[in-house]
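Chemist: If you scroll down you'll find the structure; I have some questions about it.
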Amino acid sequence: MEKTWGDKRYHSLNYFLREKFGEKIFKISLDGGFTCPNRDGTVSHGGCIFCSERGSGDFAGSRDFSIDKQFSDIKLMMNKKWKQGKYIAYFQAYTNTYAPVEVLREKYQEAMSQEGVVGLAIATRPDCLGEDVLDLLEEISKKLYVWVELGLQTSKDSTAKLINRGYKLEVFEEGVKNLRKRGIDVVVHTIFGLPEESSEDMLDTVRYISTLPIQGVKFHLLHLMEGTPIVKLYEQGRLKFMSQEEYIDLICKSITLLPEEIVVHRLTGDAPRELLIGPLWSLKKWEILNAIDNTLKDNNWYQSLDYYTNNRF
């Protein structure tokens, strides 16, 4: 028997937030002015090889402005299209727990104090979750909804080393465990199309995260952007772009492998058009999302269909 969440065959973020808050919720992406231990030499230099100069915050506000101004400006733009709703303040760029806890508290509080904010989303690394940070996150979570995003990208050790992720799988697992001990929801990032990974490798990452006590997942397509270290691998022929059809098929199969309670926060990502080298079909975001919906429907696939067997694909 098929399952649906509203008009989707997967547990979408929009469905989850409407169920939780009873109205439309928007994310406002902020740049807190942080850096990353994978860039400043603490762990490594240069960051993950796919990461842009803006630390994956290409569509966040500008760090040249205060959190208050970033929030106000983005909210004003959103209000031109959507008149009603509440907000999740999303610290997106770089590593958003990588600072003294007093600095984190100040930044988070400035975002939380904005009118209409009902939640806080924080993108970070699992090796930047000290006890003082966890204490702060737990304290905040008692006041409003909090989720923390961790960039796993892949469960394959050799790929993790190749992309300069900078931490081992056990560090990620410890981060998930420590956040869940505090009752904080965890959202995991994966990337499809990383160098030298097969479709089976990518599905293995999904099988892996489906066994963890996480609450959400973000699926990303690898975007090759100008100025990133991964361009060298592309020039060496070690990186091949996925086709649109391959990506859609892989996403749909991945959805069936997830337990129904995991919220699907994203099915594909974005890259600035002026920086994108490829795949260029990724710019057609709505076409991709519609194709995913249609493929699920045509095959009578839905989230959790293969979660218990885990071996149909």
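Identifiers in the structure tokens: chain A, B, ... in order shown; residue index from 1 per chain; ligand index from 1 in order shown.
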Would you list the contacts of Leu280 in chain A as a PyMOL selection string, taking every protein, DNA or RNA residue within 12 Å and counting only C-alpha atoms, but skipping same-chain residues closer than 2 positions in sequence?
Modeler: chain A and resi 221-225+241-244+270-278+282-285
Chemist: Can you spit out the residues from that selection as an mmCIF file, in the first residue's frame, using N, CA and C atoms?
Modeler:
```cif
data_model
loop_
_atom_site.group_PDB
_atom_site.id
_atom_site.type_symbol
_atom_site.label_atom_id
_atom_site.label_comp_id
_atom_site.auth_asym_id
_atom_site.auth_seq_id
_atom_site.Cartn_x
_atom_site.Cartn_y
_atom_site.Cartn_z
ATOM 1 N N LEU A 221 23.215 17.173 -5.272
ATOM 2 C CA LEU A 221 23.984 16.810 -6.450
ATOM 3 C C LEU A 221 25.308 17.561 -6.376
ATOM 4 N N LEU A 222 26.404 16.898 -6.729
ATOM 5 C CA LEU A 222 27.678 17.600 -6.783
ATOM 6 C C LEU A 222 27.637 18.657 -7.877
ATOM 7 N N HIS A 223 27.861 19.902 -7.475
ATOM 8 C CA HIS A 223 27.986 20.996 -8.439
ATOM 9 C C HIS A 223 29.468 21.337 -8.567
ATOM 10 N N LEU A 224 29.973 21.318 -9.780
ATOM 11 C CA LEU A 224 31.349 21.715 -10.021
ATOM 12 C C LEU A 224 31.376 23.218 -10.248
ATOM 13 N N MET A 225 32.045 23.931 -9.347
ATOM 14 C CA MET A 225 32.057 25.385 -9.416
ATOM 15 C C MET A 225 33.470 25.906 -9.636
ATOM 16 N N PHE A 241 30.295 13.815 -14.762
ATOM 17 C CA PHE A 241 28.988 14.317 -14.362
ATOM 18 C C PHE A 241 27.924 13.230 -14.495
ATOM 19 N N MET A 242 27.029 13.174 -13.516
ATOM 20 C CA MET A 242 25.854 12.328 -13.633
ATOM 21 C C MET A 242 24.900 12.953 -14.637
ATOM 22 N N SER A 243 24.144 12.107 -15.340
ATOM 23 C CA SER A 243 23.082 12.631 -16.187
ATOM 24 C C SER A 243 21.867 12.947 -15.320
ATOM 25 N N GLN A 244 20.979 13.756 -15.861
ATOM 26 C CA GLN A 244 19.756 14.092 -15.131
ATOM 27 C C GLN A 244 18.947 12.833 -14.839
ATOM 28 N N ASP A 270 21.442 23.934 -5.086
ATOM 29 C CA ASP A 270 21.595 25.044 -6.027
ATOM 30 C C ASP A 270 23.063 25.442 -6.085
ATOM 31 N N ALA A 271 23.439 26.026 -7.201
ATOM 32 C CA ALA A 271 24.760 26.640 -7.340
ATOM 33 C C ALA A 271 24.595 27.934 -8.118
ATOM 34 N N PRO A 272 25.389 28.943 -7.799
ATOM 35 C CA PRO A 272 25.290 30.194 -8.568
ATOM 36 C C PRO A 272 25.572 29.950 -10.047
ATOM 37 N N ARG A 273 24.682 30.425 -10.870
ATOM 38 C CA ARG A 273 24.801 30.200 -12.320
ATOM 39 C C ARG A 273 26.157 30.672 -12.851
ATOM 40 N N GLU A 274 26.643 31.794 -12.322
ATOM 41 C CA GLU A 274 27.878 32.355 -12.855
ATOM 42 C C GLU A 274 29.123 31.555 -12.457
ATOM 43 N N LEU A 275 29.003 30.674 -11.473
ATOM 44 C CA LEU A 275 30.137 29.853 -11.036
ATOM 45 C C LEU A 275 30.057 28.418 -11.528
ATOM 46 N N LEU A 276 28.878 27.989 -11.949
ATOM 47 C CA LEU A 276 28.653 26.579 -12.249
ATOM 48 C C LEU A 276 29.342 26.152 -13.554
ATOM 49 N N ILE A 277 30.184 25.125 -13.444
ATOM 50 C CA ILE A 277 30.785 24.499 -14.620
ATOM 51 C C ILE A 277 29.890 23.357 -15.110
ATOM 52 N N GLY A 278 29.333 22.598 -14.193
ATOM 53 C CA GLY A 278 28.428 21.523 -14.563
ATOM 54 C C GLY A 278 28.021 20.714 -13.352
ATOM 55 N N SER A 282 21.456 20.880 -13.938
ATOM 56 C CA SER A 282 21.055 21.098 -12.545
ATOM 57 C C SER A 282 20.400 22.457 -12.324
ATOM 58 N N LEU A 283 20.550 23.364 -13.301
ATOM 59 C CA LEU A 283 19.913 24.679 -13.184
ATOM 60 C C LEU A 283 18.389 24.589 -13.337
ATOM 61 N N LYS A 284 17.910 23.488 -13.909
ATOM 62 C CA LYS A 284 16.462 23.322 -14.135
ATOM 63 C C LYS A 284 15.829 22.643 -12.921
ATOM 64 N N LYS A 285 15.851 23.327 -11.800
ATOM 65 C CA LYS A 285 15.490 22.705 -10.522
ATOM 66 C C LYS A 285 14.052 22.194 -10.507
#
```
Chemist: Within 7 Å of range 305-310 of chain A, which residues of range 238-279 of chain A show up? Give each one with its shortest atom-to-atom distance in Å (one decimal) and the two atoms involved, counting only C-alpha atoms, rows by chain then rising residue number, as CSV.
Modeler:
```
residue,atom,partner,partner_atom,distance
A:Thr256,CA,A:Leu305,CA,4.9
A:Leu257,CA,A:Tyr307,CA,4.4
A:Leu258,CA,A:Tyr307,CA,5.6
A:Pro259,CA,A:Tyr307,CA,5.8
```
Chemist: Given only C-alpha atoms as the basis, pick out the residue of A:Trp5, A:Tyr247, A:Phe34, A:Phe50 nearest to Ala160 in chain A.
Modeler: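 Using only C-alpha atoms, the shortest distance to Ala160 in chain A belongs to A:Phe50.
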Chemist: Between CA of Glu246 in chain A and CA of Asn294 in chain A, measure the distance and give it in Å to one decimal.
Modeler: 14.6 Å
Chemist: Using DSSP on the backbone coordinates, identify the residues of range 56-116 of chain A assigned to helix (DSSP H, G or I); present them as a list of chain:residue names.
Modeler: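 Across range 56-116 of chain A, those assigned helix (DSSP H, G or I) are A:Ile67, A:Asp68, A:Lys69, A:Gln70, A:Phe71, A:Ser72, A:Asp73, A:Ile74, A:Lys75, A:Leu76, A:Met77, A:Met78, A:Asn79, A:Lys80, A:Lys81, A:Val101, A:Glu102, A:Val103, A:Leu104, A:Arg105, A:Glu106, A:Lys107, A:Tyr108, A:Gln109, A:Glu110, A:Ala111, A:Met112.
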Chemist: When you look at range 20-30 of chain A with a cut-off of 7 Å (counting only C-alpha atoms), what residues show up, excluding the ones that are within fewer than 5 positions of it in the same chain? I need them as a ChimeraX atom specification.
Modeler: /A:60-61,67,70-71,74,85-92
Chemist: Quick check, in Å to one decimal: how far apart do CA of Tyr10 in chain A and CA of Val206 in chain A lie?
Modeler: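 Separating CA of Tyr10 in chain A from CA of Val206 in chain A is a distance of 14.6 Å.
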Chemist: Which one of A:Lys168, A:Lys156, A:Arg180, A:Arg63 sits closest to Leu137 in chain A if you count only C-alpha atoms?
Modeler: A:Arg180
Chemist: Could you check the closest approach to Asn38 in chain A for each of A:Val231, A:Ile163, A:Met77, A:Ile214 and tell me which residue wins, using only C-alpha atoms?
Modeler: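 The answer is A:Ile163, which sits nearest to Asn38 in chain A.
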Chemist: Have a look at CA of Phe219 in chain A and CA of Ile255 in chain A and let me know their distance in Å, one decimal.
Modeler: 9.9 Å
Chemist: Which residues are near Ile292 in chain A? Cut-off 9 Å, only C-alpha atoms, ignore same chain within fewer than 2 positions. Put them as a PDB file with N, CA, C and O atoms, in the first residue's frame.
Modeler:
```
ATOM      1  N   ILE A 248      17.940  11.423 -11.041  1.00  0.00           N
ATOM      2  CA  ILE A 248      16.531  11.259 -10.657  1.00  0.00           C
ATOM      3  C   ILE A 248      16.264   9.822 -10.227  1.00  0.00           C
ATOM      4  O   ILE A 248      15.603   9.575  -9.200  1.00  0.00           O
ATOM      5  N   ASP A 249      16.778   8.860 -10.979  1.00  0.00           N
ATOM      6  CA  ASP A 249      16.596   7.451 -10.628  1.00  0.00           C
ATOM      7  C   ASP A 249      17.213   7.142  -9.264  1.00  0.00           C
ATOM      8  O   ASP A 249      16.599   6.458  -8.429  1.00  0.00           O
ATOM      9  N   ILE A 251      17.878   9.260  -6.755  1.00  0.00           N
ATOM     10  CA  ILE A 251      17.130   9.926  -5.686  1.00  0.00           C
ATOM     11  C   ILE A 251      15.864   9.138  -5.348  1.00  0.00           C
ATOM     12  O   ILE A 251      15.538   8.923  -4.179  1.00  0.00           O
ATOM     13  N   CYS A 252      15.149   8.707  -6.362  1.00  0.00           N
ATOM     14  CA  CYS A 252      13.910   7.968  -6.120  1.00  0.00           C
ATOM     15  C   CYS A 252      14.185   6.656  -5.398  1.00  0.00           C
ATOM     16  O   CYS A 252      13.448   6.276  -4.472  1.00  0.00           O
ATOM     17  N   LEU A 267      15.999  17.648  -2.104  1.00  0.00           N
ATOM     18  CA  LEU A 267      16.203  16.606  -3.110  1.00  0.00           C
ATOM     19  C   LEU A 267      17.276  16.974  -4.132  1.00  0.00           C
ATOM     20  O   LEU A 267      17.764  16.110  -4.850  1.00  0.00           O
ATOM     21  N   GLU A 287      12.134  21.361 -12.965  1.00  0.00           N
ATOM     22  CA  GLU A 287      12.006  20.221 -13.871  1.00  0.00           C
ATOM     23  C   GLU A 287      12.484  18.939 -13.174  1.00  0.00           C
ATOM     24  O   GLU A 287      11.862  17.875 -13.312  1.00  0.00           O
ATOM     25  N   ILE A 288      13.563  19.039 -12.439  1.00  0.00           N
ATOM     26  CA  ILE A 288      14.101  17.886 -11.711  1.00  0.00           C
ATOM     27  C   ILE A 288      13.126  17.429 -10.634  1.00  0.00           C
ATOM     28  O   ILE A 288      12.827  16.232 -10.503  1.00  0.00           O
ATOM     29  N   LEU A 289      12.619  18.370  -9.856  1.00  0.00           N
ATOM     30  CA  LEU A 289      11.697  18.013  -8.770  1.00  0.00           C
ATOM     31  C   LEU A 289      10.418  17.388  -9.317  1.00  0.00           C
ATOM     32  O   LEU A 289       9.911  16.409  -8.748  1.00  0.00           O
ATOM     33  N   ASN A 290       9.903  17.931 -10.404  1.00  0.00           N
ATOM     34  CA  ASN A 290       8.699  17.350 -11.018  1.00  0.00           C
ATOM     35  C   ASN A 290       8.976  15.949 -11.551  1.00  0.00           C
ATOM     36  O   ASN A 290       8.129  15.050 -11.439  1.00  0.00           O
ATOM     37  N   ASN A 294       7.127  12.434 -10.578  1.00  0.00           N
ATOM     38  CA  ASN A 294       6.536  11.578 -11.613  1.00  0.00           C
ATOM     39  C   ASN A 294       7.133  10.177 -11.605  1.00  0.00           C
ATOM     40  O   ASN A 294       6.409   9.188 -11.817  1.00  0.00           O
ATOM     41  N   THR A 295       8.429  10.068 -11.387  1.00  0.00           N
ATOM     42  CA  THR A 295       9.086   8.755 -11.354  1.00  0.00           C
ATOM     43  C   THR A 295       8.579   7.937 -10.173  1.00  0.00           C
ATOM     44  O   THR A 295       8.319   6.727 -10.311  1.00  0.00           O
ATOM     45  N   LEU A 296       8.438   8.570  -9.024  1.00  0.00           N
ATOM     46  CA  LEU A 296       7.893   7.863  -7.862  1.00  0.00           C
ATOM     47  C   LEU A 296       6.484   7.359  -8.154  1.00  0.00           C
ATOM     48  O   LEU A 296       6.145   6.203  -7.855  1.00  0.00           O
ATOM     49  N   LYS A 297       5.676   8.202  -8.759  1.00  0.00           N
ATOM     50  CA  LYS A 297       4.293   7.829  -9.063  1.00  0.00           C
ATOM     51  C   LYS A 297       4.228   6.728 -10.111  1.00  0.00           C
ATOM     52  O   LYS A 297       3.493   5.738  -9.951  1.00  0.00           O
TER      53      LYS A 297
END
```
Chemist: Which of range 74-170 of chain A end up as strand (DSSP E or B) when DSSP is run on this backbone - answer as a list of chain:residue names?
Modeler: A:Lys86, A:Tyr87, A:Ile88, A:Ala89, A:Tyr90, A:Phe91, A:Val117, A:Val118, A:Gly119, A:Leu120, A:Ala121, A:Ile122, A:Ala123, A:Thr124, A:Tyr145, A:Val146, A:Trp147, A:Val148, A:Glu149, A:Leu150, A:Gly151, A:Leu152, A:Gln153
Chemist: Please list as a PyMOL selection string every residue within 12 Å of Val101 in chain A, counting only C-alpha atoms and excluding residues in the same chain fewer than 6 positions away.
Modeler: chain A and resi 107-109+128-137
Chemist: What does the file look like for those residues with N, CA and C atoms, as a PDB file, in the first residue's frame?
Modeler:
```
ATOM      1  N   LYS A 107      25.249  35.521  18.489  1.00  0.00           N
ATOM      2  CA  LYS A 107      24.740  35.407  17.114  1.00  0.00           C
ATOM      3  C   LYS A 107      23.380  34.715  17.087  1.00  0.00           C
ATOM      4  N   TYR A 108      23.292  33.599  17.786  1.00  0.00           N
ATOM      5  CA  TYR A 108      22.025  32.849  17.801  1.00  0.00           C
ATOM      6  C   TYR A 108      20.906  33.691  18.394  1.00  0.00           C
ATOM      7  N   GLN A 109      21.218  34.395  19.487  1.00  0.00           N
ATOM      8  CA  GLN A 109      20.192  35.196  20.154  1.00  0.00           C
ATOM      9  C   GLN A 109      19.687  36.313  19.253  1.00  0.00           C
ATOM     10  N   CYS A 128      33.014  19.783  15.657  1.00  0.00           N
ATOM     11  CA  CYS A 128      32.907  21.114  16.264  1.00  0.00           C
ATOM     12  C   CYS A 128      31.705  21.172  17.204  1.00  0.00           C
ATOM     13  N   LEU A 129      31.578  20.114  18.006  1.00  0.00           N
ATOM     14  CA  LEU A 129      30.447  20.012  18.931  1.00  0.00           C
ATOM     15  C   LEU A 129      30.966  19.674  20.331  1.00  0.00           C
ATOM     16  N   GLY A 130      31.713  20.624  20.897  1.00  0.00           N
ATOM     17  CA  GLY A 130      32.208  20.448  22.253  1.00  0.00           C
ATOM     18  C   GLY A 130      31.075  20.486  23.270  1.00  0.00           C
ATOM     19  N   GLU A 131      31.373  20.108  24.484  1.00  0.00           N
ATOM     20  CA  GLU A 131      30.340  20.062  25.528  1.00  0.00           C
ATOM     21  C   GLU A 131      29.710  21.424  25.755  1.00  0.00           C
ATOM     22  N   ASP A 132      30.513  22.504  25.694  1.00  0.00           N
ATOM     23  CA  ASP A 132      29.949  23.839  25.913  1.00  0.00           C
ATOM     24  C   ASP A 132      28.979  24.212  24.799  1.00  0.00           C
ATOM     25  N   VAL A 133      29.294  23.806  23.568  1.00  0.00           N
ATOM     26  CA  VAL A 133      28.383  24.059  22.440  1.00  0.00           C
ATOM     27  C   VAL A 133      27.105  23.239  22.594  1.00  0.00           C
ATOM     28  N   LEU A 134      27.267  21.983  22.958  1.00  0.00           N
ATOM     29  CA  LEU A 134      26.097  21.121  23.166  1.00  0.00           C
ATOM     30  C   LEU A 134      25.206  21.657  24.283  1.00  0.00           C
ATOM     31  N   ASP A 135      25.816  22.157  25.340  1.00  0.00           N
ATOM     32  CA  ASP A 135      25.036  22.760  26.435  1.00  0.00           C
ATOM     33  C   ASP A 135      24.217  23.937  25.930  1.00  0.00           C
ATOM     34  N   LEU A 136      24.839  24.784  25.102  1.00  0.00           N
ATOM     35  CA  LEU A 136      24.141  25.951  24.558  1.00  0.00           C
ATOM     36  C   LEU A 136      22.988  25.523  23.661  1.00  0.00           C
ATOM     37  N   LEU A 137      23.238  24.557  22.795  1.00  0.00           N
ATOM     38  CA  LEU A 137      22.184  24.097  21.888  1.00  0.00           C
ATOM     39  C   LEU A 137      21.020  23.488  22.660  1.00  0.00           C
TER      40      LEU A 137
END
```
Chemist: Please report as CSV every residue of range 128-226 of chain A lying within 10 Å of range 236-240 of chain A, along with the nearest atom pair and their distance in Å (one decimal), using only C-alpha atoms.
Modeler:
```
residue,atom,partner,partner_atom,distance
A:Gly193,CA,A:Lys240,CA,7.7
A:Leu194,CA,A:Leu239,CA,7.3
A:Pro195,CA,A:Leu239,CA,4.8
A:Glu196,CA,A:Arg238,CA,6.7
A:Glu197,CA,A:Leu239,CA,9.3
A:Leu224,CA,A:Leu239,CA,9.5
```
Chemist: Considering only C-alpha atoms, state which residue in the set A:Arg125, A:His265, A:Lys253, A:Lys142 is at the smallest distance from Glu200 in chain A.
Modeler: A:Lys253
Chemist: Nearest to Asp40 in chain A among A:Tyr94, A:Thr205, A:Leu144, A:Leu152, with distances taken over only C-alpha atoms: which residue is it?
Modeler: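 With only C-alpha atoms as the atom set, the closest residue is A:Tyr94.
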Chemist: When you look at Gln114 in chain A with a cut-off of 8 Å (counting only C-alpha atoms), what residues show up, excluding the ones that are within fewer than 3 positions of it in the same chain? I need them as a list in words.
Modeler: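 Surrounding residues, per the criterion: Asp68, Phe71, Glu110, Ala111 and Val117 of chain A.
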Chemist: Hey, which of A:Cys36, A:Val187, A:Leu250, A:Ile262 ends up closest to Asp201 in chain A? Count only C-alpha atoms.
Modeler: A:Leu250
